$ cat data-v5.pdb   # PDB, C-alpha atoms
ATOM      1  CA  MET A 780     141.513  46.951 122.194  1.00  0.00           C
ATOM      2  CA  PHE A 781     138.928  49.662 121.598  1.00  0.00           C
ATOM      3  CA  ARG A 782     138.891  53.135 120.155  1.00  0.00           C
ATOM      4  CA  VAL A 783     136.417  55.869 121.096  1.00  0.00           C
ATOM      5  CA  ARG A 784     135.278  58.028 118.170  1.00  0.00           C
ATOM      6  CA  SER A 785     133.608  61.128 119.702  1.00  0.00           C
ATOM      7  CA  GLU A 786     132.777  61.105 123.321  1.00  0.00           C
ATOM      8  CA  TRP A 787     129.877  58.675 123.880  1.00  0.00           C
ATOM      9  CA  SER A 788     128.857  58.249 120.268  1.00  0.00           C
ATOM     10  CA  GLU A 789     130.840  55.229 119.044  1.00  0.00           C
ATOM     11  CA  VAL A 790     133.369  52.627 120.188  1.00  0.00           C
ATOM     12  CA  ASP A 791     135.108  50.306 117.733  1.00  0.00           C
ATOM     13  CA  CYS A 792     135.242  46.789 119.207  1.00  0.00           C
ATOM     14  CA  GLY A 793     136.675  44.893 116.242  1.00  0.00           C
ATOM     15  CA  LEU A 794     133.857  43.005 114.500  1.00  0.00           C
ATOM     16  CA  VAL A 795     131.212  45.225 116.056  1.00  0.00           C
ATOM     17  CA  ILE A 796     130.682  48.855 116.960  1.00  0.00           C
ATOM     18  CA  LEU A 797     129.149  50.010 120.220  1.00  0.00           C
ATOM     19  CA  ARG A 798     127.234  53.190 119.367  1.00  0.00           C
ATOM     20  CA  SER A 799     124.634  55.408 120.995  1.00  0.00           C
ATOM     21  CA  ALA A 800     121.096  54.045 120.634  1.00  0.00           C
ATOM     22  CA  ARG A 801     118.650  56.119 118.603  1.00  0.00           C
ATOM     23  CA  ASP A 802     114.897  56.040 118.057  1.00  0.00           C
ATOM     24  CA  GLU A 803     115.389  54.482 114.623  1.00  0.00           C
ATOM     25  CA  ASP A 804     116.940  51.451 116.387  1.00  0.00           C
ATOM     26  CA  VAL A 805     113.587  50.466 117.932  1.00  0.00           C
ATOM     27  CA  PRO A 806     112.644  47.787 115.330  1.00  0.00           C
ATOM     28  CA  ALA A 807     116.142  46.283 115.462  1.00  0.00           C
ATOM     29  CA  LEU A 808     116.112  46.189 119.271  1.00  0.00           C
ATOM     30  CA  MET A 809     112.753  44.438 119.185  1.00  0.00           C
ATOM     31  CA  ARG A 810     114.228  41.803 116.823  1.00  0.00           C
ATOM     32  CA  THR A 811     117.197  41.147 119.131  1.00  0.00           C
ATOM     33  CA  VAL A 812     114.802  40.221 121.952  1.00  0.00           C
ATOM     34  CA  LYS A 813     112.453  38.005 119.936  1.00  0.00           C
ATOM     35  CA  ASP A 814     113.678  34.881 121.777  1.00  0.00           C
ATOM     36  CA  PRO A 815     111.639  34.353 124.989  1.00  0.00           C
ATOM     37  CA  GLU A 816     114.582  32.597 126.673  1.00  0.00           C
ATOM     38  CA  LEU A 817     116.800  35.612 126.088  1.00  0.00           C
ATOM     39  CA  ALA A 818     114.119  37.948 127.461  1.00  0.00           C
ATOM     40  CA  LYS A 819     113.838  35.791 130.570  1.00  0.00           C
ATOM     41  CA  ALA A 820     117.631  35.581 131.043  1.00  0.00           C
ATOM     42  CA  VAL A 821     118.148  39.352 130.887  1.00  0.00           C
ATOM     43  CA  ASP A 822     114.914  40.473 132.542  1.00  0.00           C
ATOM     44  CA  LEU A 823     113.222  42.110 129.576  1.00  0.00           C
ATOM     45  CA  PRO A 824     109.513  41.817 128.842  1.00  0.00           C
ATOM     46  CA  HIS A 825     108.479  39.392 126.117  1.00  0.00           C
ATOM     47  CA  PRO A 826     107.280  40.313 123.651  1.00  0.00           C
ATOM     48  CA  PHE A 827     109.434  43.440 123.699  1.00  0.00           C
ATOM     49  CA  SER A 828     107.206  46.171 122.255  1.00  0.00           C
ATOM     50  CA  ALA A 829     108.158  49.341 120.401  1.00  0.00           C
ATOM     51  CA  SER A 830     107.142  51.490 123.376  1.00  0.00           C
ATOM     52  CA  GLN A 831     109.283  49.361 125.707  1.00  0.00           C
ATOM     53  CA  ALA A 832     112.253  49.642 123.340  1.00  0.00           C
ATOM     54  CA  ARG A 833     111.824  53.447 123.210  1.00  0.00           C
ATOM     55  CA  ARG A 834     111.588  53.565 127.014  1.00  0.00           C
ATOM     56  CA  TRP A 835     114.782  51.495 127.262  1.00  0.00           C
ATOM     57  CA  ILE A 836     116.590  53.880 124.875  1.00  0.00           C
ATOM     58  CA  ARG A 837     115.521  56.851 127.026  1.00  0.00           C
ATOM     59  CA  GLY A 838     116.650  55.144 130.224  1.00  0.00           C
ATOM     60  CA  GLY A 839     113.351  53.891 131.584  1.00  0.00           C
ATOM     61  CA  PRO A 840     111.447  55.537 134.397  1.00  0.00           C
ATOM     62  CA  ARG A 841     113.634  57.945 136.292  1.00  0.00           C
ATOM     63  CA  ARG A 842     114.343  56.420 139.684  1.00  0.00           C
ATOM     64  CA  LEU A 843     116.511  59.262 140.900  1.00  0.00           C
ATOM     65  CA  ALA A 844     117.298  62.627 139.420  1.00  0.00           C
ATOM     66  CA  LEU A 845     120.986  61.905 139.995  1.00  0.00           C
ATOM     67  CA  VAL A 846     121.072  58.832 137.728  1.00  0.00           C
ATOM     68  CA  ARG A 847     122.267  59.318 134.165  1.00  0.00           C
ATOM     69  CA  HIS A 848     121.367  56.681 131.590  1.00  0.00           C
ATOM     70  CA  TYR A 849     123.557  55.795 128.614  1.00  0.00           C
ATOM     71  CA  ARG A 850     122.161  53.400 125.993  1.00  0.00           C
ATOM     72  CA  PHE A 851     124.107  51.718 123.213  1.00  0.00           C
ATOM     73  CA  VAL A 852     123.401  49.251 120.454  1.00  0.00           C
ATOM     74  CA  ILE A 853     125.888  46.646 119.321  1.00  0.00           C
ATOM     75  CA  GLN A 854     126.118  46.959 115.542  1.00  0.00           C
ATOM     76  CA  HIS A 855     127.889  44.400 113.347  1.00  0.00           C
ATOM     77  CA  LYS A 856     130.352  46.223 111.081  1.00  0.00           C
ATOM     78  CA  ALA A 857     130.014  43.997 108.023  1.00  0.00           C
ATOM     79  CA  THR A 858     126.204  43.775 107.949  1.00  0.00           C
ATOM     80  CA  SER A 859     125.212  46.922 109.911  1.00  0.00           C
ATOM     81  CA  ASP A 860     122.754  44.679 111.811  1.00  0.00           C
ATOM     82  CA  VAL A 861     121.986  45.566 115.422  1.00  0.00           C
ATOM     83  CA  VAL A 862     122.864  42.375 117.312  1.00  0.00           C
ATOM     84  CA  GLY A 863     122.424  43.489 120.927  1.00  0.00           C
ATOM     85  CA  ALA A 864     122.531  46.356 123.381  1.00  0.00           C
ATOM     86  CA  VAL A 865     124.339  47.751 126.414  1.00  0.00           C
ATOM     87  CA  GLY A 866     122.922  49.987 129.135  1.00  0.00           C
ATOM     88  CA  LEU A 867     124.978  52.001 131.610  1.00  0.00           C
ATOM     89  CA  ASP A 868     123.278  53.765 134.510  1.00  0.00           C
ATOM     90  CA  TYR A 869     125.546  56.179 136.370  1.00  0.00           C
ATOM     91  CA  GLU A 870     124.755  57.236 139.918  1.00  0.00           C
ATOM     92  CA  GLN A 871     126.677  60.432 140.652  1.00  0.00           C
ATOM     93  CA  VAL A 872     126.468  60.322 144.443  1.00  0.00           C
ATOM     94  CA  LYS A 873     128.011  56.851 144.718  1.00  0.00           C
ATOM     95  CA  GLN A 874     130.156  57.263 141.595  1.00  0.00           C
ATOM     96  CA  SER A 875     128.897  53.847 140.554  1.00  0.00           C
ATOM     97  CA  MET A 876     127.771  52.475 137.218  1.00  0.00           C
ATOM     98  CA  GLU A 877     125.282  49.660 136.725  1.00  0.00           C
ATOM     99  CA  LEU A 878     125.851  47.636 133.581  1.00  0.00           C
ATOM    100  CA  SER A 879     123.206  45.717 131.637  1.00  0.00           C
ATOM    101  CA  TYR A 880     123.516  44.048 128.259  1.00  0.00           C
ATOM    102  CA  TRP A 881     122.109  41.498 125.858  1.00  0.00           C
ATOM    103  CA  LEU A 882     123.181  39.844 122.646  1.00  0.00           C
ATOM    104  CA  ALA A 883     120.812  38.125 120.206  1.00  0.00           C
ATOM    105  CA  PRO A 884     121.166  34.313 120.498  1.00  0.00           C
ATOM    106  CA  GLU A 885     122.593  33.878 116.986  1.00  0.00           C
ATOM    107  CA  TRP A 886     125.498  36.195 117.925  1.00  0.00           C
ATOM    108  CA  GLN A 887     126.342  34.601 121.271  1.00  0.00           C
ATOM    109  CA  ASN A 888     129.383  32.388 121.951  1.00  0.00           C
ATOM    110  CA  GLN A 889     131.590  34.270 119.482  1.00  0.00           C
ATOM    111  CA  GLY A 890     133.449  36.521 121.936  1.00  0.00           C
ATOM    112  CA  LEU A 891     131.473  39.614 120.912  1.00  0.00           C
ATOM    113  CA  GLY A 892     129.795  40.038 124.298  1.00  0.00           C
ATOM    114  CA  THR A 893     133.084  39.945 126.182  1.00  0.00           C
ATOM    115  CA  ARG A 894     134.693  42.530 123.896  1.00  0.00           C
ATOM    116  CA  VAL A 895     131.709  44.875 124.013  1.00  0.00           C
ATOM    117  CA  VAL A 896     131.093  44.656 127.769  1.00  0.00           C
ATOM    118  CA  LEU A 897     134.770  45.246 128.547  1.00  0.00           C
ATOM    119  CA  ALA A 898     134.849  48.202 126.119  1.00  0.00           C
ATOM    120  CA  ALA A 899     131.688  49.686 127.675  1.00  0.00           C
ATOM    121  CA  CYS A 900     133.169  49.395 131.169  1.00  0.00           C
ATOM    122  CA  LYS A 901     136.457  50.981 130.101  1.00  0.00           C
ATOM    123  CA  LEU A 902     134.583  53.761 128.308  1.00  0.00           C
ATOM    124  CA  ALA A 903     132.617  54.465 131.494  1.00  0.00           C
ATOM    125  CA  VAL A 904     135.723  54.942 133.635  1.00  0.00           C
ATOM    126  CA  VAL A 905     137.375  57.127 130.974  1.00  0.00           C
ATOM    127  CA  MET A 906     134.352  59.404 130.528  1.00  0.00           C
ATOM    128  CA  LEU A 907     133.004  59.644 134.094  1.00  0.00           C
ATOM    129  CA  PRO A 908     134.384  59.615 137.651  1.00  0.00           C
ATOM    130  CA  VAL A 909     133.318  55.988 138.185  1.00  0.00           C
ATOM    131  CA  ARG A 910     134.704  54.137 141.196  1.00  0.00           C
ATOM    132  CA  VAL A 911     132.854  50.842 140.717  1.00  0.00           C
ATOM    133  CA  ILE A 912     130.834  49.087 138.014  1.00  0.00           C
ATOM    134  CA  CYS A 913     128.149  46.589 139.043  1.00  0.00           C
ATOM    135  CA  ALA A 914     126.016  44.099 137.159  1.00  0.00           C
ATOM    136  CA  ARG A 915     123.083  42.033 138.402  1.00  0.00           C
ATOM    137  CA  VAL A 916     122.439  38.743 136.604  1.00  0.00           C
ATOM    138  CA  ALA A 917     119.970  35.935 137.194  1.00  0.00           C
ATOM    139  CA  ILE A 918     121.555  33.091 139.138  1.00  0.00           C
ATOM    140  CA  THR A 919     120.549  30.777 136.293  1.00  0.00           C
ATOM    141  CA  ASN A 920     122.282  32.901 133.598  1.00  0.00           C
ATOM    142  CA  ILE A 921     125.532  30.930 133.495  1.00  0.00           C
ATOM    143  CA  ALA A 922     126.812  32.547 130.269  1.00  0.00           C
ATOM    144  CA  SER A 923     126.542  36.086 131.671  1.00  0.00           C
ATOM    145  CA  LYS A 924     128.174  35.077 134.933  1.00  0.00           C
ATOM    146  CA  ARG A 925     131.102  33.597 132.968  1.00  0.00           C
ATOM    147  CA  LEU A 926     131.367  36.724 130.809  1.00  0.00           C
ATOM    148  CA  LEU A 927     131.495  39.023 133.852  1.00  0.00           C
ATOM    149  CA  GLU A 928     134.105  36.830 135.536  1.00  0.00           C
ATOM    150  CA  LYS A 929     136.155  36.770 132.314  1.00  0.00           C
ATOM    151  CA  ILE A 930     136.440  40.584 132.323  1.00  0.00           C
ATOM    152  CA  GLY A 931     137.503  40.559 135.975  1.00  0.00           C
ATOM    153  CA  MET A 932     134.233  41.161 137.831  1.00  0.00           C
ATOM    154  CA  LYS A 933     133.808  39.326 141.107  1.00  0.00           C
ATOM    155  CA  LYS A 934     130.660  38.015 142.715  1.00  0.00           C
ATOM    156  CA  ARG A 935     129.896  40.355 145.624  1.00  0.00           C
ATOM    157  CA  GLY A 936     126.535  39.051 146.796  1.00  0.00           C
ATOM    158  CA  TYR A 937     123.013  37.946 146.024  1.00  0.00           C
ATOM    159  CA  GLU A 938     119.596  39.539 145.752  1.00  0.00           C
ATOM    160  CA  PHE A 939     116.804  37.035 146.333  1.00  0.00           C
ATOM    161  CA  ASN A 940     113.415  37.307 144.580  1.00  0.00           C
ATOM    162  CA  ALA A 941     114.608  40.662 143.295  1.00  0.00           C
ATOM    163  CA  LEU A 942     112.581  41.374 140.189  1.00  0.00           C
ATOM    164  CA  TYR A 943     109.226  40.625 138.712  1.00  0.00           C
ATOM    165  CA  CYS A 944     109.260  40.251 134.950  1.00  0.00           C
ATOM    166  CA  ASN A 945     107.679  37.701 132.624  1.00  0.00           C
ATOM    167  CA  GLY A 946     105.850  36.200 135.597  1.00  0.00           C
ATOM    168  CA  LEU A 947     109.108  35.367 137.413  1.00  0.00           C
ATOM    169  CA  ASN A 948     110.885  36.531 140.527  1.00  0.00           C
ATOM    170  CA  PRO A 949     114.472  35.458 139.824  1.00  0.00           C
ATOM    171  CA  SER A 950     117.239  35.644 142.349  1.00  0.00           C
ATOM    172  CA  LEU A 951     120.286  37.580 141.209  1.00  0.00           C
ATOM    173  CA  CYS A 952     124.046  37.429 141.580  1.00  0.00           C
ATOM    174  CA  ILE A 953     125.640  40.822 142.042  1.00  0.00           C
ATOM    175  CA  TYR A 954     129.001  41.300 140.354  1.00  0.00           C
ATOM    176  CA  ALA A 955     131.319  44.293 140.654  1.00  0.00           C
ATOM    177  CA  ILE A 956     134.698  45.565 139.604  1.00  0.00           C
ATOM    178  CA  ASP A 957     136.429  48.715 140.797  1.00  0.00           C
ATOM    179  CA  LYS A 958     138.324  51.161 138.606  1.00  0.00           C
ATOM    180  CA  LYS A 959     141.759  49.780 139.479  1.00  0.00           C
ATOM    181  CA  GLU A 960     140.752  46.160 138.860  1.00  0.00           C
ATOM    182  CA  LEU A 961     139.265  47.188 135.523  1.00  0.00           C
ATOM    183  CA  SER A 962     142.436  48.969 134.414  1.00  0.00           C
ATOM    184  CA  ASP A 963     144.322  45.698 135.084  1.00  0.00           C
ATOM    185  CA  ALA A 964     141.782  43.630 133.077  1.00  0.00           C
ATOM    186  CA  ASN A 965     142.651  42.393 129.577  1.00  0.00           C
TER     187      ASN A 965
END
$ encode --input "data-v5.pdb" --output "structure tokens"
Amino acid sequence: MFRVRSEWSEVDCGLVILRSARDEDVPALMRTVKDPELAKAVDLPHPFSASQARRWIRGGPRRLALVRHYRFVIQHKATSDVVGAVGLDYEQVKQSMELSYWLAPEWQNQGLGTRVVLAACKLAVVMLPVRVICARVAITNIASKRLLEKIGMKKRGYEFNALYCNGLNPSLCIYAIDKKELSDAN
């Protein structure tokens, strides 16, 4: 389903490529988050500024020294447009990966998100000693919950009033899949 081209640099996902994010992607990332509903659904500030996009590319504020951040853009092959992004945060001690992602509204509901998220998860377990991959999504984000369930993730719990972004404190569903379950997926 996917082919890795040089370590973490690029993954071919059919209609789109998942590739490492670069500083020159900042304007394109800002465009993908121009919709305030998308920003709210994926817990990104709105408007999404150039400095925030650069911070996202670099992995945000370092919470722990043992967390490695991997940032990718989703690039449409035919147009070369950046249509979304994927973040992977690897915690060495727990051998766990936290997944985050977004896709611009005009590119949603076409199967791209499912292909890219599954490819990112499979890339993570191939490249690192990952035991489990987790994702936290707003309880109200039905599309993301469906996507995670489609790739085999299971709801493992809830986090209430977890975040504060855009003036909201949304409650989250926590999804996870372990390495074995992922190897059996699609």
$ resolve_selection --input "data-v5.pdb" --expression "the PyMOL selection byres ((chain A and resi 924-933) around 10)" --output "CSV table (one decimal) with C-alpha atoms, in the frame of the given file"
chain,number,residue,atom,x,y,z
A,890,GLY,CA,133.4,36.5,121.9
A,892,GLY,CA,129.8,40.0,124.3
A,893,THR,CA,133.1,39.9,126.2
A,894,ARG,CA,134.7,42.5,123.9
A,896,VAL,CA,131.1,44.7,127.8
A,897,LEU,CA,134.8,45.2,128.5
A,898,ALA,CA,134.8,48.2,126.1
A,900,CYS,CA,133.2,49.4,131.2
A,912,ILE,CA,130.8,49.1,138.0
A,913,CYS,CA,128.1,46.6,139.0
A,914,ALA,CA,126.0,44.1,137.2
A,915,ARG,CA,123.1,42.0,138.4
A,916,VAL,CA,122.4,38.7,136.6
A,917,ALA,CA,120.0,35.9,137.2
A,918,ILE,CA,121.6,33.1,139.1
A,919,THR,CA,120.5,30.8,136.3
A,920,ASN,CA,122.3,32.9,133.6
A,921,ILE,CA,125.5,30.9,133.5
A,922,ALA,CA,126.8,32.5,130.3
A,923,SER,CA,126.5,36.1,131.7
A,934,LYS,CA,130.7,38.0,142.7
A,935,ARG,CA,129.9,40.4,145.6
A,936,GLY,CA,126.5,39.1,146.8
A,952,CYS,CA,124.0,37.4,141.6
A,953,ILE,CA,125.6,40.8,142.0
A,954,TYR,CA,129.0,41.3,140.4
A,955,ALA,CA,131.3,44.3,140.7
A,956,ILE,CA,134.7,45.6,139.6
A,957,ASP,CA,136.4,48.7,140.8
A,960,GLU,CA,140.8,46.2,138.9
A,961,LEU,CA,139.3,47.2,135.5
A,962,SER,CA,142.4,49.0,134.4
A,963,ASP,CA,144.3,45.7,135.1
A,964,ALA,CA,141.8,43.6,133.1
A,965,ASN,CA,142.7,42.4,129.6
$ resolve_selection --input "data-v5.pdb" --expression "the PyMOL selection byres ((chain A and resi 863-875) around 7)" --output "VMD selection string"
chain A and resid 811 845 to 853 861 to 862 876 to 883 908 to 912
$ atom_distance --input "data-v5.pdb" --atom1 "CA of Pro806 (chain A)" --atom2 "CA of Lys901 (chain A)"
28.2 Å
$ closest_residue --input "data-v5.pdb" --among "A:Asp791, A:Leu951, A:Ile796, A:Lys959" --to "Ser859 (chain A)" --atoms "only C-alpha atoms"
A:Ile796
$ resolve_selection --input "data-v5.pdb" --expression "the PyMOL selection byres ((chain A and resi 835) around 10)" --output "PDB file with C-alpha atoms, in the frame of the given file"
ATOM      1  CA  ALA A 800     121.096  54.045 120.634  1.00  0.00           C
ATOM      2  CA  VAL A 805     113.587  50.466 117.932  1.00  0.00           C
ATOM      3  CA  LEU A 808     116.112  46.189 119.271  1.00  0.00           C
ATOM      4  CA  LEU A 823     113.222  42.110 129.576  1.00  0.00           C
ATOM      5  CA  ALA A 829     108.158  49.341 120.401  1.00  0.00           C
ATOM      6  CA  SER A 830     107.142  51.490 123.376  1.00  0.00           C
ATOM      7  CA  GLN A 831     109.283  49.361 125.707  1.00  0.00           C
ATOM      8  CA  ALA A 832     112.253  49.642 123.340  1.00  0.00           C
ATOM      9  CA  ARG A 833     111.824  53.447 123.210  1.00  0.00           C
ATOM     10  CA  ARG A 834     111.588  53.565 127.014  1.00  0.00           C
ATOM     11  CA  ILE A 836     116.590  53.880 124.875  1.00  0.00           C
ATOM     12  CA  ARG A 837     115.521  56.851 127.026  1.00  0.00           C
ATOM     13  CA  GLY A 838     116.650  55.144 130.224  1.00  0.00           C
ATOM     14  CA  GLY A 839     113.351  53.891 131.584  1.00  0.00           C
ATOM     15  CA  PRO A 840     111.447  55.537 134.397  1.00  0.00           C
ATOM     16  CA  HIS A 848     121.367  56.681 131.590  1.00  0.00           C
ATOM     17  CA  TYR A 849     123.557  55.795 128.614  1.00  0.00           C
ATOM     18  CA  ARG A 850     122.161  53.400 125.993  1.00  0.00           C
ATOM     19  CA  GLY A 866     122.922  49.987 129.135  1.00  0.00           C
TER      20      GLY A 866
END
$ residues_near_point --input "data-v5.pdb" --point "(105.1, 38.9, 124.2)" --cutoff "12 Å" --atoms "only C-alpha atoms" --output "VMD selection string"
chain A and resid 809 812 to 816 818 to 819 823 to 829 831 944 to 946
$ closest_residue --input "data-v5.pdb" --among "A:Asn888, A:His855, A:Tyr937, A:Lys958" --to "Leu794 (chain A)" --atoms "only C-alpha atoms"
A:His855
$ atom_distance --input "data-v5.pdb" --atom1 "CA of Leu907 (chain A)" --atom2 "CA of Arg801 (chain A)"
21.4 Å
$ atom_distance --input "data-v5.pdb" --atom1 "CA of Met906 (chain A)" --atom2 "CA of Arg798 (chain A)"
14.6 Å
$ closest_residue --input "data-v5.pdb" --among "A:Leu817, A:Leu902, A:Pro949, A:Phe939" --to "Pro884 (chain A)" --atoms "only C-alpha atoms"
A:Leu817
$ decode --input "data-v5.pdb" --residues "region 853-864 of chain A" --atoms "N, CA and C atoms" --output "short mmCIF file (atom, residue, chain, number, x, y, z; two decimals), in the first residue's frame"
data_model
loop_
_atom_site.label_atom_id
_atom_site.label_comp_id
_atom_site.auth_asym_id
_atom_site.auth_seq_id
_atom_site.Cartn_x
_atom_site.Cartn_y
_atom_site.Cartn_z
N ILE A 853 1.22 16.47 3.82
CA ILE A 853 0.55 15.62 2.84
C ILE A 853 0.52 16.43 1.55
N GLN A 854 1.22 15.95 0.54
CA GLN A 854 1.35 16.70 -0.71
C GLN A 854 0.66 15.93 -1.84
N HIS A 855 -0.26 16.61 -2.52
CA HIS A 855 -0.96 16.00 -3.66
C HIS A 855 0.03 15.83 -4.81
N LYS A 856 0.10 14.63 -5.38
CA LYS A 856 1.07 14.35 -6.44
C LYS A 856 0.82 15.19 -7.69
N ALA A 857 -0.42 15.25 -8.13
CA ALA A 857 -0.73 15.90 -9.40
C ALA A 857 -0.52 17.41 -9.35
N THR A 858 -0.88 18.04 -8.23
CA THR A 858 -0.82 19.50 -8.14
C THR A 858 0.37 20.02 -7.33
N SER A 859 1.01 19.16 -6.57
CA SER A 859 2.07 19.51 -5.62
C SER A 859 1.57 20.38 -4.46
N ASP A 860 0.25 20.54 -4.34
CA ASP A 860 -0.32 21.31 -3.23
C ASP A 860 -0.18 20.56 -1.92
N VAL A 861 0.14 21.28 -0.85
CA VAL A 861 0.11 20.71 0.49
C VAL A 861 -1.35 20.74 0.93
N VAL A 862 -1.90 19.57 1.26
CA VAL A 862 -3.32 19.47 1.58
C VAL A 862 -3.58 19.09 3.04
N GLY A 863 -2.52 18.88 3.81
CA GLY A 863 -2.68 18.54 5.21
C GLY A 863 -1.34 18.23 5.84
N ALA A 864 -1.40 17.65 7.04
CA ALA A 864 -0.16 17.37 7.77
C ALA A 864 -0.36 16.22 8.75
#
